[in-house]
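A.B. asks: Let me give you the structure first, and then I'll get to my questions.
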Amino acid sequence: MAGRLEGKVAVITGGASGIGAGTVERFIAEGARCVIADIQVDAGAAFAQKFGNKAIFVKTDVANENEVEAVVAAAVKHFGRIDCMFNNAGILGAVGPVTEIPGDAWSRSIDVLLSSVFYGIKHAAKAMIASGNGGNIINTTSTAGLRAGLGPHVYTAAKHGVVGLTQSTSTELGPLGIRVNAIAPGGTVSGLTAWLVTGSSDNLTDANSKIGVSNPMRRAGQPADIANAALFLASDEASYVNGHVLVVDGAGEVIGDRNHRFVQLGSQIVQETGRIGL
Ligand SMILES: NC(=O)c1ccc[n+]([C@@H]2O[C@H](COP(=O)([O-])OP(=O)(O)OC[C@H]3O[C@@H](n4cnc5c(N)ncnc54)[C@H](O)[C@@H]3O)[C@@H](O)[C@H]2O)c1
């Protein structure tokens with residue numbers, strides 16, 4: 001049976017680890033060929049080798065527009081086309097009180113988290129328009145891009161920016177056959193979150209239990225959960241989905257546990273009074 005991405009070519013930034021690596025695996029399993037774009041040279045090259053002629057690694061700093069343009073060109077040169085651009089690379093960025101964040105730390109964080117997405121949309125769209133085949137672009141935002149209080153200030157601002165840029169460009173590029181969507185993961189086990197919750201980016205086991213404990217699904221998000229969302233958005237099944245932000249958080253963060261508490265309160269009232277409603 002043909003895969004859901006048979007014949008398609010995707011560039012996946014941050015593809016050497018975490019969510020990006022999970023997406024490379026899922027996309028290739030569904031028939032795609034992938035360009036892994038990352039600053040981690042050894043890990044990225046070794047990971048690409050696992051997939052033989054289905055993947056190549058291109059060292060890319062997504063904060064550098066020339067390098068993003070070059071990785072899009074590499075996809076077209078090596079595989080002959082680009083159908084999907086997954087702007088996914090990211091970092092936690094500058095942390096701390098707003099009064100103490102240095103201006104250059106703000107700028108570098110915005111470059112990696114938001115300007116990178118602009119560069120990715122711009123150069124992928126140019127290549128897709130030139131090909132005449134259309135395509136789709138997926139941007140990784142975060143639940144922190146939808147409400148405050150789920151990440152540091154700069155990260156929150158950048159991820160809100162990713163939502164705005166996704167929605168804004170979707171209306172310009174939609175008529176050209178290019179869909180632009182975003183995924184907003186909740187707490188997902190990766191090197192980034194392992195470092196955040198355990199102090200070590202390798203401690204995925206402890207990160208898994210720490211992140212999962214407060215989620216209504218009683219488990220942490222996994223890279224495969226986000227990869228499955230990316231697969232849907234990259235596939236033709238999503239051909240009428242444009243400008244959408246797909247939240248993948250087990251209802252843990254955007255809805256939050258206030259709703260959960262209200263449900264508990266409701267059942268208590270029903271049990272005690274036999275009434276439905278307040
Ligand atoms: N893990 C979560 O809980 C979570 C939640 C919401 C959003 N996100 C977002 O998901 C994306 C992937 O993060 P992850 O959790 O898989 O973390 P990760 O650290 O495992 O992966 C991030 C990847 O991006 C790469 N990268 C960092 N800076 C780069 C640069 N300048 N140029 C190119 N590559 C660069 C890293 O080398 C790494 O391979 C990020 O945008 C992150 O903000 C993650």
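Convention: chains lettered A, B, ... in structure tokens order; per-chain residue numbering from 1; ligands numbered from 1 as shown.
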Check which residues fall inside 6 Å of ligand 1 when counting only C-alpha atoms and all ligand atoms, and print them as a PyMOL selection string.
C.D. replies: chain A and resi 13-20+38-40+60-63+88-91+112+140-142+185-193
A.B. asks: Save out the residues we just selected, N, CA and C atoms, as a tab-separated table (two decimals), in the first residue's frame.
C.D. replies:
```tsv
chain	number	residue	atom	x	y	z
A	13	THR	N	13.52	21.08	9.88
A	13	THR	CA	14.55	21.76	10.67
A	13	THR	C	14.48	21.26	12.11
A	14	GLY	N	15.64	21.21	12.76
A	14	GLY	CA	15.70	20.59	14.08
A	14	GLY	C	15.45	19.10	13.96
A	15	GLY	N	15.81	18.53	12.81
A	15	GLY	CA	15.49	17.12	12.53
A	15	GLY	C	16.44	16.13	13.15
A	16	ALA	N	17.48	16.61	13.85
A	16	ALA	CA	18.46	15.68	14.41
A	16	ALA	C	18.04	15.10	15.74
A	17	SER	N	17.02	15.69	16.39
A	17	SER	CA	16.60	15.13	17.68
A	17	SER	C	15.15	15.47	17.97
A	18	GLY	N	14.63	14.88	19.04
A	18	GLY	CA	13.30	15.21	19.57
A	18	GLY	C	12.18	15.10	18.54
A	19	ILE	N	11.33	16.12	18.52
A	19	ILE	CA	10.15	16.15	17.66
A	19	ILE	C	10.55	16.06	16.18
A	20	GLY	N	11.60	16.77	15.81
A	20	GLY	CA	12.05	16.76	14.41
A	20	GLY	C	12.49	15.37	13.99
A	38	ASP	N	19.92	20.91	10.61
A	38	ASP	CA	20.17	21.09	12.05
A	38	ASP	C	21.58	21.63	12.24
A	39	ILE	N	21.83	22.17	13.44
A	39	ILE	CA	23.21	22.60	13.74
A	39	ILE	C	24.03	21.46	14.34
A	40	GLN	N	23.36	20.39	14.76
A	40	GLN	CA	24.09	19.24	15.34
A	40	GLN	C	24.64	18.39	14.21
A	60	THR	N	22.62	23.38	9.05
A	60	THR	CA	21.85	24.61	8.85
A	60	THR	C	21.64	25.32	10.18
A	61	ASP	N	22.01	26.58	10.24
A	61	ASP	CA	21.61	27.41	11.37
A	61	ASP	C	20.36	28.17	10.92
A	62	VAL	N	19.22	27.84	11.51
A	62	VAL	CA	17.96	28.43	11.04
A	62	VAL	C	17.85	29.93	11.31
A	63	ALA	N	18.75	30.44	12.14
A	63	ALA	CA	18.75	31.88	12.41
A	63	ALA	C	19.45	32.66	11.30
A	88	ASN	N	10.74	23.70	12.44
A	88	ASN	CA	10.53	23.10	13.77
A	88	ASN	C	11.67	23.36	14.76
A	89	ALA	N	12.86	23.70	14.27
A	89	ALA	CA	14.00	23.87	15.18
A	89	ALA	C	13.67	24.90	16.25
A	90	GLY	N	14.17	24.69	17.43
A	90	GLY	CA	13.91	25.67	18.48
A	90	GLY	C	14.78	25.46	19.70
A	91	ILE	N	14.77	26.45	20.55
A	91	ILE	CA	15.51	26.44	21.80
A	91	ILE	C	14.60	27.06	22.86
A	112	VAL	N	16.30	32.67	16.45
A	112	VAL	CA	16.20	31.21	16.34
A	112	VAL	C	14.73	30.75	16.32
A	140	THR	N	6.34	24.91	13.97
A	140	THR	CA	6.13	24.48	15.35
A	140	THR	C	6.02	25.69	16.25
A	141	THR	N	4.80	25.90	16.78
A	141	THR	CA	4.65	26.89	17.84
A	141	THR	C	4.65	26.11	19.15
A	142	SER	N	3.76	26.41	20.05
A	142	SER	CA	3.74	25.77	21.37
A	142	SER	C	2.43	26.17	22.03
A	185	PRO	N	2.59	21.95	20.30
A	185	PRO	CA	2.74	20.83	21.23
A	185	PRO	C	2.62	21.31	22.67
A	186	GLY	N	2.11	20.43	23.52
A	186	GLY	CA	2.24	20.64	24.96
A	186	GLY	C	3.53	19.97	25.41
A	187	GLY	N	3.67	19.74	26.69
A	187	GLY	CA	4.89	19.13	27.22
A	187	GLY	C	5.18	17.79	26.54
A	188	THR	N	6.26	17.75	25.79
A	188	THR	CA	6.63	16.57	25.00
A	188	THR	C	8.04	16.17	25.38
A	189	VAL	N	8.25	14.87	25.55
A	189	VAL	CA	9.56	14.43	26.02
A	189	VAL	C	10.61	14.57	24.92
A	190	SER	N	11.62	15.40	25.20
A	190	SER	CA	12.72	15.61	24.25
A	190	SER	C	13.91	16.11	25.07
A	191	GLY	N	15.03	16.28	24.39
A	191	GLY	CA	16.21	16.79	25.09
A	191	GLY	C	15.93	18.14	25.73
A	192	LEU	N	15.16	18.96	25.01
A	192	LEU	CA	14.86	20.32	25.49
A	192	LEU	C	14.09	20.28	26.82
A	193	THR	N	13.03	19.46	26.86
A	193	THR	CA	12.22	19.44	28.08
A	193	THR	C	12.89	18.62	29.18
```
A.B. asks: Leaving out Lys59 in chain A and any residue of its chain fewer than 6 positions from it, which residues lie within 10 Å of it when counting only C-alpha atoms, given as an MDAnalysis selection string?
C.D. replies: chainID A and resid 13 36:42 44:45 67:68 70:71
A.B. asks: Between A:Val154, A:Ala229, A:Val197, A:Ala32, which one has atoms that come closest to His244 in chain A, using only C-alpha atoms?
C.D. replies: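 Closest to His244 in chain A of all the choices is A:Ala229.
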A.B. asks: Counting only C-alpha atoms, which residue out of A:Met1, A:Leu196, A:Leu146, A:Val254 sits closest to His160 in chain A?
C.D. replies: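 Checking each of A:Met1, A:Leu196, A:Leu146, A:Val254 against His160 in chain A, counting only C-alpha atoms, the winner is A:Leu146.
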A.B. asks: I'd like to know which of A:Ile56, A:Ala227, A:Gly212, A:Val180 is closest to Gly134 in chain A, using only C-alpha atoms.
C.D. replies: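 Among A:Ile56, A:Ala227, A:Gly212, A:Val180, it is A:Val180 that comes nearest to Gly134 in chain A.
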A.B. asks: Could you pull out all residues of range 8-180 of chain A with a DSSP call of strand (DSSP E or B) and give them as a PyMOL selection string?
C.D. replies: chain A and resi 9-13+33-38+55-59+84-87+135-140+178-180
A.B. asks: Those same residues - C-alpha atoms - I'd like them written as an mmCIF file, in the first residue's frame.
C.D. replies:
```cif
data_model
loop_
_atom_site.group_PDB
_atom_site.id
_atom_site.type_symbol
_atom_site.label_atom_id
_atom_site.label_comp_id
_atom_site.auth_asym_id
_atom_site.auth_seq_id
_atom_site.Cartn_x
_atom_site.Cartn_y
_atom_site.Cartn_z
ATOM 1 C CA VAL A 9 10.072 15.606 -0.200
ATOM 2 C CA ALA A 10 10.244 17.386 3.162
ATOM 3 C CA VAL A 11 12.785 19.662 4.789
ATOM 4 C CA ILE A 12 12.668 19.225 8.575
ATOM 5 C CA THR A 13 14.553 21.755 10.666
ATOM 6 C CA ARG A 33 12.319 11.594 1.439
ATOM 7 C CA CYS A 34 13.701 14.059 3.968
ATOM 8 C CA VAL A 35 16.330 16.739 4.295
ATOM 9 C CA ILE A 36 17.442 16.940 7.912
ATOM 10 C CA ALA A 37 18.473 20.517 8.711
ATOM 11 C CA ASP A 38 20.168 21.087 12.051
ATOM 12 C CA ALA A 55 17.516 11.226 3.731
ATOM 13 C CA ILE A 56 20.351 13.707 3.614
ATOM 14 C CA PHE A 57 21.730 15.959 6.318
ATOM 15 C CA VAL A 58 22.496 19.619 5.639
ATOM 16 C CA LYS A 59 24.153 21.632 8.391
ATOM 17 C CA CYS A 84 6.789 20.218 2.746
ATOM 18 C CA MET A 85 8.804 22.615 4.889
ATOM 19 C CA PHE A 86 8.634 21.828 8.610
ATOM 20 C CA ASN A 87 9.997 24.870 10.482
ATOM 21 C CA GLY A 135 3.123 22.391 -1.225
ATOM 22 C CA ASN A 136 2.649 22.903 2.471
ATOM 23 C CA ILE A 137 4.485 24.525 5.332
ATOM 24 C CA ILE A 138 4.209 23.501 8.977
ATOM 25 C CA ASN A 139 5.533 25.662 11.816
ATOM 26 C CA THR A 140 6.134 24.475 15.351
ATOM 27 C CA ILE A 178 0.539 26.382 -0.537
ATOM 28 C CA ARG A 179 -1.013 25.615 2.841
ATOM 29 C CA VAL A 180 0.573 27.058 5.998
#
```
A.B. asks: Fewer than 2 positions away in the same chain doesn't count, so skip those; otherwise give me all residues within 10 Å of range 148-153 of chain A, counting only C-alpha atoms, as a ChimeraX atom specification.
C.D. replies: /A:92-98,101,106,142-146,155-160,186-187,253-254
A.B. asks: Run DSSP on the backbone and give me the residues of range 29-221 of chain A it puts in alpha helix (DSSP H), as a PyMOL selection string.
C.D. replies: chain A and resi 29+41-49+65-79+103-110+116-131+153-173+191-198+204-212
A.B. asks: Which is closer to Arg147 in chain A than all the others in A:Ala105, A:Ile255, A:Ala194, A:Ala46, using only C-alpha atoms?
C.D. replies: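 Ranking A:Ala105, A:Ile255, A:Ala194, A:Ala46 by distance to Arg147 in chain A, first place goes to A:Ile255.
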A.B. asks: Quick check, in Å to one decimal: how far apart do CA of Ile226 in chain A and CA of Ala238 in chain A lie?
C.D. replies: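 Computed distance, CA of Ile226 in chain A to CA of Ala238 in chain A, equals 15.4 Å.
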A.B. asks: Pick out the closest residue to Leu165 in chain A from this set: A:Thr273, A:Ser116, A:Ser209, A:Asn133. Count only C-alpha atoms.
C.D. replies: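 Checking each of A:Thr273, A:Ser116, A:Ser209, A:Asn133 against Leu165 in chain A, counting only C-alpha atoms, the winner is A:Ser116.
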A.B. asks: Using only C-alpha atoms, which protein or nucleic acid residues come within 7 Å of Gly250 in chain A? Drop anything in the same chain fewer than 3 positions from it, and give the result as a ChimeraX atom specification.
C.D. replies: /A:215-217
A.B. asks: Rounded to one decimal, what separation in Å do you get between CA of Ala75 in chain A and CA of Ala230 in chain A?
C.D. replies: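 CA of Ala230 in chain A lies 18.7 Å from CA of Ala75 in chain A.
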A.B. asks: Have a look at A:Glu6, A:Glu272, A:Glu65, A:Asp83 and name the one nearest to Gly177 in chain A; count only C-alpha atoms.
C.D. replies: A:Asp83
A.B. asks: What gap, in Å, lies between CA of Asn64 in chain A and CA of Ser115 in chain A?
C.D. replies: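 About the pair CA of Asn64 in chain A and CA of Ser115 in chain A: they are 8.7 Å apart.
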